[in-house]
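Text of the file final-v1.cif, holding mmCIF, C-alpha atoms and all ligand atoms:
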data_protein
loop_
_atom_site.group_PDB
_atom_site.id
_atom_site.type_symbol
_atom_site.label_atom_id
_atom_site.label_comp_id
_atom_site.auth_asym_id
_atom_site.auth_seq_id
_atom_site.Cartn_x
_atom_site.Cartn_y
_atom_site.Cartn_z
ATOM 1 C CA MET A 656 33.338 -11.803 48.957
ATOM 2 C CA ALA A 657 31.201 -12.461 45.870
ATOM 3 C CA ALA A 658 28.109 -11.267 47.750
ATOM 4 C CA VAL A 659 29.417 -7.692 47.896
ATOM 5 C CA PRO A 660 29.649 -6.993 44.178
ATOM 6 C CA GLY A 661 26.303 -8.739 43.701
ATOM 7 C CA PHE A 662 24.704 -6.481 46.258
ATOM 8 C CA VAL A 663 26.284 -3.403 44.682
ATOM 9 C CA VAL A 664 25.069 -4.375 41.238
ATOM 10 C CA ALA A 665 21.563 -5.038 42.573
ATOM 11 C CA SER A 666 21.368 -1.659 44.332
ATOM 12 C CA LEU A 667 22.664 0.113 41.245
ATOM 13 C CA LEU A 668 19.983 -1.571 39.186
ATOM 14 C CA VAL A 669 17.270 -0.580 41.657
ATOM 15 C CA LEU A 670 18.561 3.006 41.780
ATOM 16 C CA THR A 671 18.665 3.241 37.999
ATOM 17 C CA TYR A 672 15.155 1.859 37.796
ATOM 18 C CA LEU A 673 13.929 4.366 40.371
ATOM 19 C CA ALA A 674 15.677 7.226 38.615
ATOM 20 C CA ILE A 675 14.066 6.297 35.316
ATOM 21 C CA THR A 676 10.557 5.826 36.680
ATOM 22 C CA CYS A 677 10.688 8.933 38.882
ATOM 23 C CA ASN A 678 11.827 11.041 35.980
ATOM 24 C CA GLY A 679 9.146 9.698 33.706
ATOM 25 C CA ASN A 680 6.208 10.065 36.033
ATOM 26 C CA VAL A 681 4.752 13.407 35.076
ATOM 27 C CA LEU A 682 0.981 13.211 34.952
ATOM 28 C CA LEU A 683 -0.879 15.443 32.541
ATOM 29 C CA SER A 684 -3.569 15.942 35.169
ATOM 30 C CA SER A 685 -0.922 17.416 37.487
ATOM 31 C CA LEU A 686 0.083 20.100 34.981
ATOM 32 C CA LYS A 687 -1.455 23.530 34.746
ATOM 33 C CA ARG A 688 -2.774 24.665 31.406
ATOM 34 C CA THR A 689 -0.673 27.799 31.416
ATOM 35 C CA LEU A 690 -0.062 28.217 27.702
ATOM 36 C CA VAL A 691 -2.517 29.889 25.392
ATOM 37 C CA LEU A 692 -2.118 27.983 22.152
ATOM 38 C CA THR A 693 -3.690 28.579 18.768
ATOM 39 C CA ALA A 694 -3.309 26.718 15.479
ATOM 40 C CA SER A 695 -4.291 27.881 12.019
ATOM 41 C CA PRO A 696 -6.575 25.014 10.874
ATOM 42 C CA LYS A 697 -10.231 25.737 11.475
ATOM 43 C CA GLN A 698 -12.571 23.152 12.945
ATOM 44 C CA GLY A 699 -13.165 20.377 10.405
ATOM 45 C CA LYS A 700 -10.523 21.545 7.963
ATOM 46 C CA VAL A 701 -8.785 18.889 5.853
ATOM 47 C CA LEU A 702 -5.027 19.284 5.374
ATOM 48 C CA LYS A 703 -2.611 17.303 3.239
ATOM 49 C CA ALA A 704 0.462 15.722 4.779
ATOM 50 C CA GLY A 705 3.678 16.787 3.067
ATOM 51 C CA GLU A 706 2.008 19.813 1.459
ATOM 52 C CA ASP A 707 -0.041 21.988 3.772
ATOM 53 C CA THR A 708 1.359 24.112 6.565
ATOM 54 C CA ILE A 709 0.162 24.772 10.093
ATOM 55 C CA THR A 710 0.885 27.961 11.986
ATOM 56 C CA VAL A 711 0.847 27.769 15.767
ATOM 57 C CA THR A 712 1.161 30.600 18.289
ATOM 58 C CA TRP A 713 1.683 30.411 22.030
ATOM 59 C CA ASN A 714 2.115 32.669 25.002
ATOM 60 C CA LEU A 715 1.745 32.466 28.745
ATOM 61 C CA ASN A 716 -1.803 32.914 30.000
ATOM 62 C CA GLN A 717 -1.523 36.244 31.784
ATOM 63 C CA THR A 718 -4.012 35.288 34.492
ATOM 64 C CA TYR A 719 -1.293 33.142 36.082
ATOM 65 C CA PRO A 720 0.922 34.924 38.632
ATOM 66 C CA ALA A 721 4.330 36.259 37.669
ATOM 67 C CA GLY A 722 7.017 33.592 37.979
ATOM 68 C CA THR A 723 4.733 30.763 36.864
ATOM 69 C CA ASP A 724 7.047 30.313 33.887
ATOM 70 C CA SER A 725 10.328 30.736 35.777
ATOM 71 C CA ALA A 726 11.319 27.090 35.158
ATOM 72 C CA TYR A 727 10.221 27.010 31.542
ATOM 73 C CA LYS A 728 13.107 26.317 29.202
ATOM 74 C CA THR A 729 11.707 24.751 26.040
ATOM 75 C CA ILE A 730 8.376 24.650 24.281
ATOM 76 C CA LYS A 731 7.561 21.596 22.209
ATOM 77 C CA VAL A 732 4.546 21.687 19.919
ATOM 78 C CA LYS A 733 2.995 18.385 18.903
ATOM 79 C CA LEU A 734 0.218 16.985 16.755
ATOM 80 C CA CYS A 735 -2.122 14.849 18.841
ATOM 81 C CA TYR A 736 -4.743 12.262 17.948
ATOM 82 C CA ALA A 737 -8.336 13.269 18.590
ATOM 83 C CA PRO A 738 -10.397 10.645 20.483
ATOM 84 C CA ILE A 739 -12.188 9.574 17.293
ATOM 85 C CA SER A 740 -8.843 8.458 15.814
ATOM 86 C CA GLN A 741 -7.846 6.545 18.951
ATOM 87 C CA VAL A 742 -10.787 4.132 19.032
ATOM 88 C CA ASP A 743 -9.567 0.508 18.911
ATOM 89 C CA ARG A 744 -5.973 1.670 18.487
ATOM 90 C CA ALA A 745 -3.984 0.853 21.609
ATOM 91 C CA TRP A 746 -0.860 2.326 20.044
ATOM 92 C CA ARG A 747 -2.490 5.784 20.126
ATOM 93 C CA LYS A 748 -3.916 5.482 23.628
ATOM 94 C CA THR A 749 -4.117 8.397 26.037
ATOM 95 C CA VAL A 750 -2.363 7.726 29.371
ATOM 96 C CA ASP A 751 -2.184 10.349 32.108
ATOM 97 C CA ASN A 752 1.455 9.407 32.720
ATOM 98 C CA LEU A 753 3.135 11.363 29.943
ATOM 99 C CA ALA A 754 5.992 8.870 29.636
ATOM 100 C CA LYS A 755 3.420 6.326 28.459
ATOM 101 C CA ASP A 756 1.018 8.617 26.675
ATOM 102 C CA LYS A 757 0.605 7.964 22.967
ATOM 103 C CA THR A 758 -1.720 10.852 22.165
ATOM 104 C CA CYS A 759 0.848 13.305 20.839
ATOM 105 C CA GLN A 760 3.314 11.419 18.668
ATOM 106 C CA PHE A 761 4.310 14.004 16.101
ATOM 107 C CA LYS A 762 6.570 16.840 17.084
ATOM 108 C CA MET A 763 6.095 19.958 15.006
ATOM 109 C CA VAL A 764 8.780 22.073 16.619
ATOM 110 C CA ALA A 765 10.871 22.598 19.757
ATOM 111 C CA LYS A 766 11.810 26.173 20.561
ATOM 112 C CA PRO A 767 13.493 27.824 23.515
ATOM 113 C CA TYR A 768 10.963 29.520 25.768
ATOM 114 C CA ASN A 769 11.267 33.262 25.690
ATOM 115 C CA PRO A 770 10.783 34.457 29.267
ATOM 116 C CA SER A 771 11.671 38.096 28.744
ATOM 117 C CA ASN A 772 8.645 38.954 26.698
ATOM 118 C CA LYS A 773 5.046 38.012 27.152
ATOM 119 C CA THR A 774 4.435 38.441 23.474
ATOM 120 C CA VAL A 775 3.078 35.720 21.322
ATOM 121 C CA GLN A 776 5.597 33.366 19.719
ATOM 122 C CA SER A 777 4.801 31.517 16.574
ATOM 123 C CA PHE A 778 5.926 28.809 14.204
ATOM 124 C CA THR A 779 4.824 27.770 10.737
ATOM 125 C CA GLY A 780 5.744 24.380 9.344
ATOM 126 C CA THR A 781 4.716 21.886 6.710
ATOM 127 C CA ILE A 782 3.022 18.739 7.998
ATOM 128 C CA GLU A 783 5.504 15.863 7.783
ATOM 129 C CA ARG A 784 4.785 13.261 5.125
ATOM 130 C CA ASP A 785 4.796 10.398 7.632
ATOM 131 C CA VAL A 786 1.903 11.818 9.686
ATOM 132 C CA PRO A 787 -0.878 9.237 9.340
ATOM 133 C CA GLU A 788 -4.340 10.051 8.101
ATOM 134 C CA ALA A 789 -6.388 10.933 11.201
ATOM 135 C CA THR A 790 -8.140 13.680 13.154
ATOM 136 C CA TYR A 791 -5.878 15.874 15.253
ATOM 137 C CA PHE A 792 -5.525 18.782 17.623
ATOM 138 C CA VAL A 793 -2.347 20.594 18.664
ATOM 139 C CA ARG A 794 -0.764 20.575 22.117
ATOM 140 C CA ALA A 795 2.322 22.357 23.429
ATOM 141 C CA TYR A 796 4.315 21.323 26.474
ATOM 142 C CA ALA A 797 6.634 23.546 28.453
ATOM 143 C CA TYR A 798 9.761 21.713 29.633
ATOM 144 C CA ASP A 799 12.091 22.691 32.463
ATOM 145 C CA PHE A 800 15.881 22.405 32.550
ATOM 146 C CA ASP A 801 15.623 18.673 33.351
ATOM 147 C CA ASP A 802 13.477 18.156 30.260
ATOM 148 C CA LYS A 803 10.399 17.464 32.370
ATOM 149 C CA GLU A 804 6.942 18.720 31.477
ATOM 150 C CA VAL A 805 5.934 21.635 33.696
ATOM 151 C CA GLY A 806 3.004 23.164 31.853
ATOM 152 C CA TYR A 807 0.968 22.807 28.680
ATOM 153 C CA GLY A 808 -1.566 24.300 26.366
ATOM 154 C CA GLN A 809 -3.811 22.855 23.681
ATOM 155 C CA THR A 810 -6.017 24.083 20.886
ATOM 156 C CA THR A 811 -8.995 21.968 21.938
ATOM 157 C CA ASP A 812 -11.144 21.907 25.068
ATOM 158 C CA ALA A 813 -10.665 19.526 28.007
ATOM 159 C CA HIS A 814 -12.869 16.905 26.318
ATOM 160 C CA LYS A 815 -10.876 17.201 23.070
ATOM 161 C CA SER A 816 -14.055 17.859 21.120
ATOM 162 C CA THR A 817 -13.509 21.329 19.608
ATOM 163 C CA ASN A 818 -11.116 22.719 17.007
ATOM 164 C CA LEU A 819 -10.261 19.345 15.534
ATOM 165 C CA PHE A 820 -8.924 19.017 12.009
ATOM 166 C CA ASP A 821 -8.132 16.193 9.619
ATOM 167 C CA ILE A 822 -4.862 15.309 7.982
ATOM 168 C CA HIS A 823 -4.994 13.269 4.795
ATOM 169 C CA ALA A 824 -2.096 11.414 3.270
ATOM 170 C CA ILE A 825 -1.241 12.754 -0.163
ATOM 171 C CA THR A 826 -2.007 10.372 -2.994
ATOM 172 C CA GLY A 827 1.332 11.071 -4.690
ATOM 173 C CA ARG A 828 3.059 9.103 -2.002
ATOM 174 C CA HIS A 829 0.967 6.020 -2.692
ATOM 175 C CA MET A 830 1.541 6.441 -6.416
ATOM 176 C CA SER A 831 5.297 6.505 -6.084
ATOM 177 C CA LEU A 832 5.113 3.482 -3.790
ATOM 178 C CA ASP A 833 2.960 1.691 -6.356
ATOM 179 C CA ILE A 834 5.359 2.566 -9.168
ATOM 180 C CA CYS A 835 8.201 1.318 -7.026
ATOM 181 C CA SER A 836 6.562 -2.035 -6.347
ATOM 182 C CA ILE A 837 5.633 -2.439 -10.030
ATOM 183 C CA CYS A 838 9.268 -1.833 -10.979
ATOM 184 C CA PHE A 839 10.421 -4.393 -8.451
ATOM 185 C CA SER A 840 7.894 -6.995 -9.616
ATOM 186 C CA ALA A 841 8.872 -6.418 -13.245
ATOM 187 C CA PHE A 842 12.519 -6.739 -12.307
ATOM 188 C CA SER A 843 11.973 -10.043 -10.490
ATOM 189 C CA VAL A 844 9.913 -11.482 -13.376
ATOM 190 C CA VAL A 845 12.618 -10.504 -15.842
ATOM 191 C CA SER A 846 15.405 -11.959 -13.737
ATOM 192 C CA LEU A 847 13.385 -15.151 -13.178
ATOM 193 C CA LEU A 848 12.879 -15.462 -16.965
ATOM 194 C CA GLY A 849 16.549 -14.818 -17.489
ATOM 195 C CA PHE A 850 17.381 -17.545 -15.030
ATOM 196 C CA PHE A 851 15.103 -20.084 -16.770
ATOM 197 C CA ILE A 852 16.453 -19.246 -20.207
ATOM 198 C CA ALA A 853 20.013 -19.615 -18.981
ATOM 199 C CA GLU A 854 19.109 -22.875 -17.271
ATOM 200 C CA LYS A 855 17.423 -24.208 -20.463
ATOM 201 C CA LYS A 856 20.437 -23.305 -22.569
ATOM 202 C CA ARG A 857 22.701 -24.998 -20.094
ATOM 203 C CA THR A 858 20.661 -28.256 -20.054
ATOM 204 C CA LYS A 859 20.388 -28.188 -23.866
ATOM 205 C CA SER A 860 24.099 -27.809 -24.354
ATOM 206 C CA SER A 861 24.797 -30.591 -21.860
ATOM 207 C CA GLU A 862 22.283 -32.877 -23.691
ATOM 208 C CA GLN A 863 24.087 -32.228 -26.976
ATOM 209 C CA LYS A 864 27.332 -33.435 -25.542
HETATM 210 C C1 LIG B 1 -6.368 31.677 31.146
HETATM 211 O O1 LIG B 1 -6.508 30.916 32.329
HETATM 212 C C2 LIG B 1 -7.754 31.079 32.983
HETATM 213 C C3 LIG B 1 -7.691 30.315 34.287
HETATM 214 O O2 LIG B 1 -7.276 28.984 34.101
HETATM 215 C C4 LIG B 1 -8.871 30.595 32.053
HETATM 216 O O3 LIG B 1 -10.124 30.768 32.690
HETATM 217 C C5 LIG B 1 -8.824 31.385 30.761
HETATM 218 O O4 LIG B 1 -9.776 30.864 29.862
HETATM 219 C C6 LIG B 1 -7.441 31.297 30.133
HETATM 220 N N1 LIG B 1 -7.366 32.180 28.997
HETATM 221 C C7 LIG B 1 -7.135 31.748 27.753
HETATM 222 C C8 LIG B 1 -7.082 32.778 26.698
HETATM 223 O O5 LIG B 1 -6.960 30.566 27.511
#
Would you give me this structure, written as structure tokens?
Amino acid sequence: MAAVPGFVVASLLVLTYLAITCNGNVLLSSLKRTLVLTASPKQGKVLKAGEDTITVTWNLNQTYPAGTDSAYKTIKVKLCYAPISQVDRAWRKTVDNLAKDKTCQFKMVAKPYNPSNKTVQSFTGTIERDVPEATYFVRAYAYDFDDKEVGYGQTTDAHKSTNLFDIHAITGRHMSLDICSICFSAFSVVSLLGFFIAEKKRTKSSEQK
């Protein structure tokens, strides 16, 4: 009798595993570059995280046949590490399997895909403060109704060598962190002193007794 539930549990586990891996196995190399994507930063431009804005535009490349975008539901635009900022950093590695890819870690925006017009859509946003200092390009993925990647576009060429820009962390952030740690150190020194003084007083008063 006990073998039956065990078998059921095992098959459920296997099915779940299969469902997860099958869903996650979209390869970038299997996607068509159907989106024409532009971003405002010029090649070599230096932008400040938390301050500067990026404007991106996208539309369907009209050389693809009608209906190419029939499954497109959402467009997600992401900041992606350029190869130069991936060297020796396994946590930024490019993997063809998009479920494992670490190239594009910073979402700029997700917007519903607008199928009725072929006009250019756009978005302008400030670079998030937590975007690390590195060299980037922009990529957009089209997702279908199952939230699977079905097409993409990027601002750089296939070798990721053109239209790259730099993002620098703003110094203000480091300053406030520094001020914070100074305050904390001062606080701990003061409380330590306070503790010693109290301890001294206590021993003194007990010696007097
Ligand atoms: C549109 O797609 C074609 C075929 O893939 C490509 O040759 C062309 O450069 C693309 N156009 C733009 C503006 O990206």
Using Å and a single decimal, report how far atom CA of Ala737 of chain A sits from atom CA of Lys803 of chain A. 23.6 Å
Given the file above and the PyMOL selection byres (((chain A and resi 785) around 12) and not hetatm), which residues are selected, and can you give them as a PyMOL selection string? chain A and resi 703-706+760-762+781-784+786-789+822-825+828-829
Dump as a ChimeraX atom specification all residues having an atom at most 8 Å from (8.8, 25.6, 13.3), computed in the file's coordinates with all atoms listed in the file. /A:763-766,777-780
Neighbourhood of ligand LIG 1 (chain B) at 7 Å, counting all atoms listed in the file, reported as a list in words: Arg688, Thr689, Val691, Asn716, Gln717, Thr718 and Tyr719 of chain A
Compare A:Ala754, A:Val793, A:Ile739, A:Val845 by their minimum atom-to-atom distance to Thr710 of chain A, counting only C-alpha atoms, and give me the closest one.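 That would be A:Val793, the residue with the smallest distance to Thr710 of chain A.
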Can you tell me, as a PyMOL selection string, what residues are no more than 12 Å from Val742 of chain A when counting all atoms listed in the file, ignoring any on the same chain fewer than 5 positions away? chain A and resi 736-737+747-749+758+789-790
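Across A:Lys733, A:Lys755, A:Lys697, A:Lys728, the tightest approach to Gly808 of chain A is made by A:Lys733 when counting only C-alpha atoms.
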Pick the closest to Lys757 of chain A from A:Lys731, A:Lys700, A:Arg744, A:Lys815: which is it, counting only C-alpha atoms?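 The shortest atom-to-atom distance to Lys757 of chain A comes from A:Arg744.
Each of A:Asn680, A:Ser840, A:Thr712, A:Ser846 was checked against Ala694 of chain A using all atoms listed in the file; the smallest atom-to-atom distance is that of A:Thr712.
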Quick one: apply the PyMOL selection byres (((chain A and resi 767) around 12) and not hetatm) to the file and drop the selected residues here as a list of chain:residue names.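 Written out, the selection comes to A:Ala726, A:Tyr727, A:Lys728, A:Thr729, A:Ile730, A:Lys731, A:Val732, A:Val764, A:Ala765, A:Lys766, A:Tyr768, A:Asn769, A:Pro770, A:Ser771, A:Gln776, A:Ser777, A:Tyr796, A:Ala797, A:Tyr798, A:Asp799, A:Phe800, A:Asp802.
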Those same residues - C-alpha atoms - I'd like them written as a compact mmCIF listing (two decimals), keeping the file's coordinate frame.
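out_26.txt, written as the output of this step:
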# COMPACT_ATOMS: atom_id res chain seq x y z
CA ALA A 726 11.32 27.09 35.16
CA TYR A 727 10.22 27.01 31.54
CA LYS A 728 13.11 26.32 29.20
CA THR A 729 11.71 24.75 26.04
CA ILE A 730 8.38 24.65 24.28
CA LYS A 731 7.56 21.60 22.21
CA VAL A 732 4.55 21.69 19.92
CA VAL A 764 8.78 22.07 16.62
CA ALA A 765 10.87 22.60 19.76
CA LYS A 766 11.81 26.17 20.56
CA TYR A 768 10.96 29.52 25.77
CA ASN A 769 11.27 33.26 25.69
CA PRO A 770 10.78 34.46 29.27
CA SER A 771 11.67 38.10 28.74
CA GLN A 776 5.60 33.37 19.72
CA SER A 777 4.80 31.52 16.57
CA TYR A 796 4.32 21.32 26.47
CA ALA A 797 6.63 23.55 28.45
CA TYR A 798 9.76 21.71 29.63
CA ASP A 799 12.09 22.69 32.46
CA PHE A 800 15.88 22.40 32.55
CA ASP A 802 13.48 18.16 30.26
What gap, in Å, lies between atom CA of Leu734 of chain A and atom CA of Cys759 of chain A?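 Between atom CA of Leu734 of chain A and atom CA of Cys759 of chain A the gap is 5.5 Å.
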Report the residues retrieved by the PyMOL selection byres (((chain A and resi 818) around 9) and not hetatm) from the displayed file, expressed as a short mmCIF file (atom, residue, chain, number, x, y, z; two decimals) with C-alpha atoms, in the coordinates of the input.
data_model
loop_
_atom_site.label_atom_id
_atom_site.label_comp_id
_atom_site.auth_asym_id
_atom_site.auth_seq_id
_atom_site.Cartn_x
_atom_site.Cartn_y
_atom_site.Cartn_z
CA ALA A 694 -3.31 26.72 15.48
CA PRO A 696 -6.58 25.01 10.87
CA LYS A 697 -10.23 25.74 11.48
CA GLN A 698 -12.57 23.15 12.94
CA GLY A 699 -13.16 20.38 10.40
CA TYR A 791 -5.88 15.87 15.25
CA PHE A 792 -5.52 18.78 17.62
CA THR A 810 -6.02 24.08 20.89
CA THR A 811 -8.99 21.97 21.94
CA ASP A 812 -11.14 21.91 25.07
CA LYS A 815 -10.88 17.20 23.07
CA SER A 816 -14.06 17.86 21.12
CA THR A 817 -13.51 21.33 19.61
CA LEU A 819 -10.26 19.34 15.53
CA PHE A 820 -8.92 19.02 12.01
#
How big is the axis-aligned box around all listed atoms of segment 760-776 of chain A once 6 Å goes on each side, and where's its centre, in Å to one decimal, as JSON?
{"center_x": 8.3, "center_y": 25.2, "center_z": 22.1, "size_x": 22.4, "size_y": 39.5, "size_z": 26.3}
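Interatomic distance, atom CA of Asp801 of chain A against atom CA of Gly722 of chain A: 17.8 Å.
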Quick one: residues within 8 Å of Leu690 of chain A, all atoms listed in the file, excluding same-chain residues fewer than 6 positions away - as a PyMOL selection string? chain A and resi 713-716+795+806-809
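Nearest-residue note for Glu804 of chain A: choosing from A:Cys735, A:Asn752, A:Leu847, A:Ala745, the minimum distance belongs to A:Asn752, counting only C-alpha atoms.
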Between A:Ala841, A:Leu753, A:Val775, A:Val681, which is the closest to Thr693 of chain A once you count only C-alpha atoms? A:Val775
